[in-house]
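Chemist: mmCIF, C-alpha atoms, saved as structure_0.cif, coming up:
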data_input
loop_
_atom_site.group_PDB
_atom_site.id
_atom_site.type_symbol
_atom_site.label_atom_id
_atom_site.label_comp_id
_atom_site.auth_asym_id
_atom_site.auth_seq_id
_atom_site.Cartn_x
_atom_site.Cartn_y
_atom_site.Cartn_z
ATOM 1 C CA MET W 1 -16.464 -8.048 -0.691
ATOM 2 C CA LYS W 2 -15.154 -4.530 0.011
ATOM 3 C CA HIS W 3 -11.586 -5.734 -0.666
ATOM 4 C CA ARG W 4 -12.553 -7.074 -4.098
ATOM 5 C CA LEU W 5 -14.444 -3.927 -5.032
ATOM 6 C CA LEU W 6 -11.471 -1.757 -4.052
ATOM 7 C CA LEU W 7 -9.114 -3.976 -6.085
ATOM 8 C CA LEU W 8 -11.377 -3.491 -9.074
ATOM 9 C CA TYR W 9 -11.593 0.238 -8.386
ATOM 10 C CA SER W 10 -7.775 0.562 -8.180
ATOM 11 C CA TRP W 11 -7.423 -1.308 -11.461
ATOM 12 C CA LEU W 12 -10.031 0.958 -13.065
ATOM 13 C CA VAL W 13 -8.255 4.162 -11.936
ATOM 14 C CA LYS W 14 -4.922 2.852 -13.218
ATOM 15 C CA THR W 15 -6.370 1.714 -16.543
ATOM 16 C CA VAL W 16 -8.398 4.843 -17.312
ATOM 17 C CA LEU W 17 -5.535 7.234 -16.515
ATOM 18 C CA PHE W 18 -2.609 5.090 -17.696
ATOM 19 C CA PHE W 19 -1.910 7.017 -20.905
ATOM 20 C CA PHE W 20 -2.255 10.458 -19.357
ATOM 21 C CA PRO W 21 1.096 12.213 -18.808
ATOM 22 C CA ASP W 22 2.853 12.270 -15.463
ATOM 23 C CA ILE W 23 2.428 15.968 -14.814
ATOM 24 C CA PRO W 24 1.544 17.231 -11.321
ATOM 25 C CA LEU W 25 -2.096 18.017 -12.150
ATOM 26 C CA ILE W 26 -2.806 14.531 -13.533
ATOM 27 C CA MET W 27 -0.789 12.804 -10.794
ATOM 28 C CA ARG W 28 -2.767 14.693 -8.117
ATOM 29 C CA PHE W 29 -6.005 13.665 -9.839
ATOM 30 C CA ARG W 30 -4.891 10.000 -9.755
ATOM 31 C CA GLY W 31 -4.034 10.416 -6.080
ATOM 32 C CA PHE W 32 -7.444 11.948 -5.391
ATOM 33 C CA LEU W 33 -9.225 9.055 -7.095
ATOM 34 C CA TYR W 34 -7.204 6.490 -5.143
ATOM 35 C CA SER W 35 -7.865 8.388 -1.904
ATOM 36 C CA LEU W 36 -11.602 7.751 -2.229
ATOM 37 C CA GLY W 37 -10.997 4.119 -1.232
ATOM 38 C CA MET W 38 -8.414 4.813 1.483
ATOM 39 C CA PRO W 39 -9.085 5.294 5.214
ATOM 40 C CA SER W 40 -7.193 8.604 5.197
ATOM 41 C CA CYS W 41 -5.296 10.627 2.635
ATOM 42 C CA GLY W 42 -3.780 14.094 2.868
ATOM 43 C CA SER W 43 -3.599 16.734 0.184
ATOM 44 C CA ASN W 44 -1.269 16.695 -2.823
ATOM 45 C CA PHE W 45 -0.993 12.893 -3.092
ATOM 46 C CA GLN W 46 0.750 12.375 -6.471
ATOM 47 C CA VAL W 47 0.748 8.999 -8.211
ATOM 48 C CA ALA W 48 2.593 8.199 -11.461
ATOM 49 C CA HIS W 49 0.828 6.377 -14.305
ATOM 50 C CA ASN W 50 2.106 2.835 -13.731
ATOM 51 C CA VAL W 51 2.006 2.639 -9.926
ATOM 52 C CA ILE W 52 0.173 -0.407 -8.574
ATOM 53 C CA LEU W 53 -1.824 0.202 -5.401
ATOM 54 C CA ASN W 54 -3.353 -3.064 -4.191
ATOM 55 C CA SER W 55 -5.522 -3.221 -1.090
ATOM 56 C CA ILE W 56 -5.894 0.517 -0.659
ATOM 57 C CA GLU W 57 -8.228 -0.065 2.278
ATOM 58 C CA GLY W 58 -5.128 -0.531 4.469
ATOM 59 C CA LEU W 59 -3.162 2.449 3.116
ATOM 60 C CA THR W 60 -3.012 5.771 4.962
ATOM 61 C CA VAL W 61 -1.146 8.636 3.302
ATOM 62 C CA GLY W 62 -0.181 12.072 4.644
ATOM 63 C CA ASN W 63 0.187 15.394 2.848
ATOM 64 C CA ASN W 64 2.578 15.914 -0.082
ATOM 65 C CA VAL W 65 3.345 12.255 -0.816
ATOM 66 C CA TYR W 66 4.858 11.385 -4.210
ATOM 67 C CA LEU W 67 4.949 7.889 -5.747
ATOM 68 C CA ALA W 68 7.242 7.732 -8.788
ATOM 69 C CA MET W 69 6.713 5.348 -11.675
ATOM 70 C CA GLY W 70 6.809 1.616 -11.135
ATOM 71 C CA ASN W 71 6.032 1.583 -7.409
ATOM 72 C CA ILE W 72 4.024 -1.326 -6.027
ATOM 73 C CA ILE W 73 2.213 -1.095 -2.698
ATOM 74 C CA TYR W 74 0.422 -4.112 -1.191
ATOM 75 C CA ALA W 75 -1.300 -2.767 1.916
ATOM 76 C CA HIS W 76 -3.286 -5.847 2.921
ATOM 77 C CA GLY W 77 -2.509 -4.949 6.536
ATOM 78 C CA LYS W 78 -1.871 -1.403 7.651
ATOM 79 C CA ALA W 79 0.612 0.871 5.871
ATOM 80 C CA ILE W 80 1.059 4.432 7.101
ATOM 81 C CA ILE W 81 3.007 6.908 4.993
ATOM 82 C CA GLY W 82 3.660 10.243 6.709
ATOM 83 C CA ASN W 83 3.772 13.776 5.347
ATOM 84 C CA ASN W 84 6.302 14.951 2.736
ATOM 85 C CA VAL W 85 7.446 11.461 1.734
ATOM 86 C CA MET W 86 8.926 10.740 -1.689
ATOM 87 C CA PHE W 87 9.289 7.294 -3.281
ATOM 88 C CA GLY W 88 11.776 6.895 -6.127
ATOM 89 C CA PRO W 89 11.069 4.601 -9.101
ATOM 90 C CA ASP W 90 10.361 0.883 -8.799
ATOM 91 C CA CYS W 91 9.974 0.506 -5.015
ATOM 92 C CA LEU W 92 7.967 -2.235 -3.311
ATOM 93 C CA LEU W 93 6.126 -1.863 -0.006
ATOM 94 C CA THR W 94 4.262 -4.846 1.413
ATOM 95 C CA THR W 95 2.511 -5.481 4.721
ATOM 96 C CA GLY W 96 2.109 -9.251 4.273
ATOM 97 C CA ASN W 97 4.432 -12.210 4.436
ATOM 98 C CA HIS W 98 4.083 -15.966 3.918
ATOM 99 C CA THR W 99 4.460 -18.822 6.385
ATOM 100 C CA PHE W 100 5.275 -22.463 5.732
ATOM 101 C CA GLY W 101 2.277 -24.817 5.729
ATOM 102 C CA ASN W 102 1.318 -28.148 4.161
ATOM 103 C CA GLY W 103 4.821 -28.627 2.781
ATOM 104 C CA SER W 104 5.005 -25.301 0.929
ATOM 105 C CA TYR W 105 5.036 -21.543 1.378
ATOM 106 C CA ARG W 106 2.195 -21.419 -1.119
ATOM 107 C CA TYR W 107 -0.243 -22.951 1.366
ATOM 108 C CA GLY W 108 0.948 -21.264 4.547
ATOM 109 C CA ALA W 109 -1.149 -18.575 6.205
ATOM 110 C CA SER W 110 -0.359 -14.953 5.420
ATOM 111 C CA ILE W 111 0.941 -12.806 8.279
ATOM 112 C CA GLU W 112 0.189 -9.092 8.240
ATOM 113 C CA LYS W 113 2.372 -6.515 10.022
ATOM 114 C CA GLU W 114 2.100 -2.742 10.008
ATOM 115 C CA VAL W 115 4.568 -0.687 7.961
ATOM 116 C CA ARG W 116 5.229 2.930 8.874
ATOM 117 C CA ILE W 117 7.164 5.531 6.891
ATOM 118 C CA LYS W 118 7.514 8.618 9.063
ATOM 119 C CA ASP W 119 7.393 12.267 7.936
ATOM 120 C CA GLY W 120 9.952 13.709 5.533
ATOM 121 C CA CYS W 121 11.519 10.470 4.272
ATOM 122 C CA TRP W 122 12.998 9.777 0.870
ATOM 123 C CA ILE W 123 12.885 6.194 -0.356
ATOM 124 C CA ALA W 124 15.288 6.058 -3.297
ATOM 125 C CA ALA W 125 14.890 3.846 -6.387
ATOM 126 C CA HIS W 126 14.498 0.059 -6.218
ATOM 127 C CA CYS W 127 13.962 -0.183 -2.450
ATOM 128 C CA VAL W 128 11.967 -2.935 -0.756
ATOM 129 C CA ILE W 129 10.051 -2.294 2.479
ATOM 130 C CA LEU W 130 8.935 -5.457 4.253
ATOM 131 C CA PRO W 131 6.243 -6.098 6.902
ATOM 132 C CA GLY W 132 6.932 -4.708 10.382
ATOM 133 C CA SER W 133 9.326 -2.045 9.099
ATOM 134 C CA VAL W 134 9.484 1.516 10.395
ATOM 135 C CA LEU W 135 11.601 4.218 8.748
ATOM 136 C CA PRO W 136 12.406 7.082 11.171
ATOM 137 C CA ALA W 137 11.466 10.666 10.317
ATOM 138 C CA ARG W 138 13.471 12.642 7.749
ATOM 139 C CA SER W 139 15.568 9.609 6.803
ATOM 140 C CA ILE W 140 16.900 8.434 3.464
ATOM 141 C CA LEU W 141 16.633 4.800 2.402
ATOM 142 C CA ALA W 142 19.388 4.502 -0.209
ATOM 143 C CA ALA W 143 18.801 3.007 -3.653
ATOM 144 C CA GLY W 144 18.433 -0.765 -3.648
ATOM 145 C CA ALA W 145 18.121 -1.056 0.135
ATOM 146 C CA VAL W 146 15.810 -3.541 1.837
ATOM 147 C CA LEU W 147 14.105 -2.331 5.019
ATOM 148 C CA THR W 148 13.316 -5.371 7.147
ATOM 149 C CA LYS W 149 12.668 -4.069 10.667
ATOM 150 C CA HIS W 150 11.744 -1.177 12.904
ATOM 151 C CA LEU W 151 14.767 1.119 12.802
ATOM 152 C CA ARG W 152 15.609 2.942 16.028
ATOM 153 C CA GLU W 153 13.777 6.206 16.608
ATOM 154 C CA ALA W 154 17.011 7.823 17.836
ATOM 155 C CA CYS W 155 18.326 7.647 14.303
ATOM 156 C CA GLU W 156 16.070 10.266 12.734
ATOM 157 C CA ASP W 157 17.737 12.368 10.016
ATOM 158 C CA ALA W 158 19.828 9.374 9.002
ATOM 159 C CA ILE W 159 20.917 7.517 5.889
ATOM 160 C CA TYR W 160 20.300 3.774 5.683
ATOM 161 C CA ILE W 161 21.868 1.518 3.041
ATOM 162 C CA GLY W 162 22.194 -2.154 2.195
ATOM 163 C CA ILE W 163 20.426 -5.465 2.524
ATOM 164 C CA PRO W 164 19.156 -5.431 5.215
ATOM 165 C CA ALA W 165 19.176 -1.649 5.643
ATOM 166 C CA LYS W 166 21.685 -0.409 8.226
ATOM 167 C CA PHE W 167 22.504 2.993 9.653
ATOM 168 C CA VAL W 168 25.421 4.702 7.881
ATOM 169 C CA LYS W 169 25.484 8.253 9.176
ATOM 170 C CA LYS W 170 23.436 11.241 10.199
ATOM 171 C CA ARG W 171 22.067 13.175 7.241
ATOM 172 C CA ILE W 172 22.767 16.572 8.820
#
Will you turn the file into structure tokens for me?
Modeler:
Amino acid sequence: MKHRLLLLYSWLVKTVLFFFPDIPLIMRFRGFLYSLGMPSCGSNFQVAHNVILNSIEGLTVGNNVYLAMGNIIYAHGKAIIGNNVMFGPDCLLTTGNHTFGNGSYRYGASIEKEVRIKDGCWIAAHCVILPGSVLPARSILAAGAVLTKHLREACEDAIYIGIPAKFVKKRI
């Protein structure tokens, strides 16, 4: 029941504030309203007007997180976004995946895996972050990349590109 109420609440926040401009004050207000249904949310959580946050009961957000327009986050499982993280436009983050059952993926059970975006990351435009993924601290996920796994912790301050995302070089 809580899940359904929070889905309705998320829809209500998005609908009521949809036509308000994407200026920091309004985006922080959206973030504050969303945070009321989340387990934990830091300060200065900014959300653009057409972001879709489904299942906010599994979403934990740190301080100074920015979600640009068109982002979609399905946090049916657990999604942890660290401090000072920025999402570019039109990114997708999901914690659930399908399995094959009764002759179709439609009827298979859903599998939930935690997703973790560590502090200081930049997820550029049109990225996809799949269940079980971990992006190391202060890393860049290049535009159009698909993060499919837990990337090595030793590769903090790195740039990842491609499908699936692979280490390219150190950022510094």
Chemist: What does the PyMOL selection byres ((chain W and resi 121-133) around 8) select in this file, as a PyMOL selection string?
Modeler: chain W and resi 84-97+112-120+134-151
Chemist: Could you tell me, as JSON, numbers by chain, exactly which residues end up selected when the PyMOL selection byres ((chain W and resi 63) around 10) is applied to this structure?
Modeler: {"W": [41, 42, 43, 44, 45, 46, 61, 62, 64, 65, 66, 81, 82, 83, 84, 85, 119]}
Chemist: If the box runs along x, y and z of the file and leaves 3 Å on each side of segment 4-12 of chain W, what are its centre and edge lengths in Å, one decimal, as JSON?
Modeler:
{"center_x": -10.9, "center_y": -3.1, "center_z": -8.6, "size_x": 13.0, "size_y": 14.0, "size_z": 15.0}
Chemist: Check what the PyMOL selection byres ((chain W and resi 2) around 12) selects in the file above and give those residues as a list of chain:residue names.
Modeler: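 The output of the PyMOL selection byres ((chain W and resi 2) around 12) on this file is W:Met1, W:His3, W:Arg4, W:Leu5, W:Leu6, W:Leu7, W:Leu8, W:Tyr9, W:Gly37, W:Met38, W:Ser55, W:Ile56, W:Glu57, W:Gly58.
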Chemist: In the coordinate frame of the file, compute which residues have an atom within 12 Å of (19.9, 5.1, 17.1) when using all atoms listed in the file, and state them as a PyMOL selection string.
Modeler: chain W and resi 135-136+150-160+166-170
Chemist: Quick check, in Å to one decimal: how far apart do atom CA of Ile52 of chain W and atom CA of Gly101 of chain W lie?
Modeler: 28.4 Å
Chemist: Mind pulling up the distance from atom CA of Ala48 of chain W to atom CA of Ala68 of chain W?
Modeler: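 Distance reported for this atom pair: 5.4 Å.
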Chemist: For Phe18 of chain W, work out the shell of residues within 7 Å, counting all atoms listed in the file and skipping chain neighbours fewer than 4 positions away, then give it as an MDAnalysis selection string.
Modeler: chainID W and resid 14 49:50
Chemist: Once you have the residues from the selection above, write them out as a PDB file, in the coordinates of the input, restricted to C-alpha atoms.
Modeler:
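Final output, part-v4.pdb:
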ATOM      1  CA  LYS W  14      -4.922   2.852 -13.218  1.00  0.00           C
ATOM      2  CA  HIS W  49       0.828   6.377 -14.305  1.00  0.00           C
ATOM      3  CA  ASN W  50       2.106   2.835 -13.731  1.00  0.00           C
TER       4      ASN W  50
END
Chemist: Work out how far apart atom CA of Arg30 of chain W and atom CA of Ile111 of chain W are and give it in Å to one decimal.
Modeler: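 Going from atom CA of Arg30 of chain W over to atom CA of Ile111 of chain W covers 29.7 Å.
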Chemist: From the set W:Ile23, W:Leu59, W:Ile73, W:Leu17, which residue has the shortest atom-to-atom contact distance to Ser40 of chain W, counting all atoms listed in the file?
Modeler: W:Leu59
Chemist: Smallest atom-to-atom distance to Thr60 of chain W: which of W:Ala75, W:Val47, W:Val13, W:Ile80, using all atoms listed in the file?
Modeler: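 Distance minimum relative to Thr60 of chain W lands on W:Ile80.
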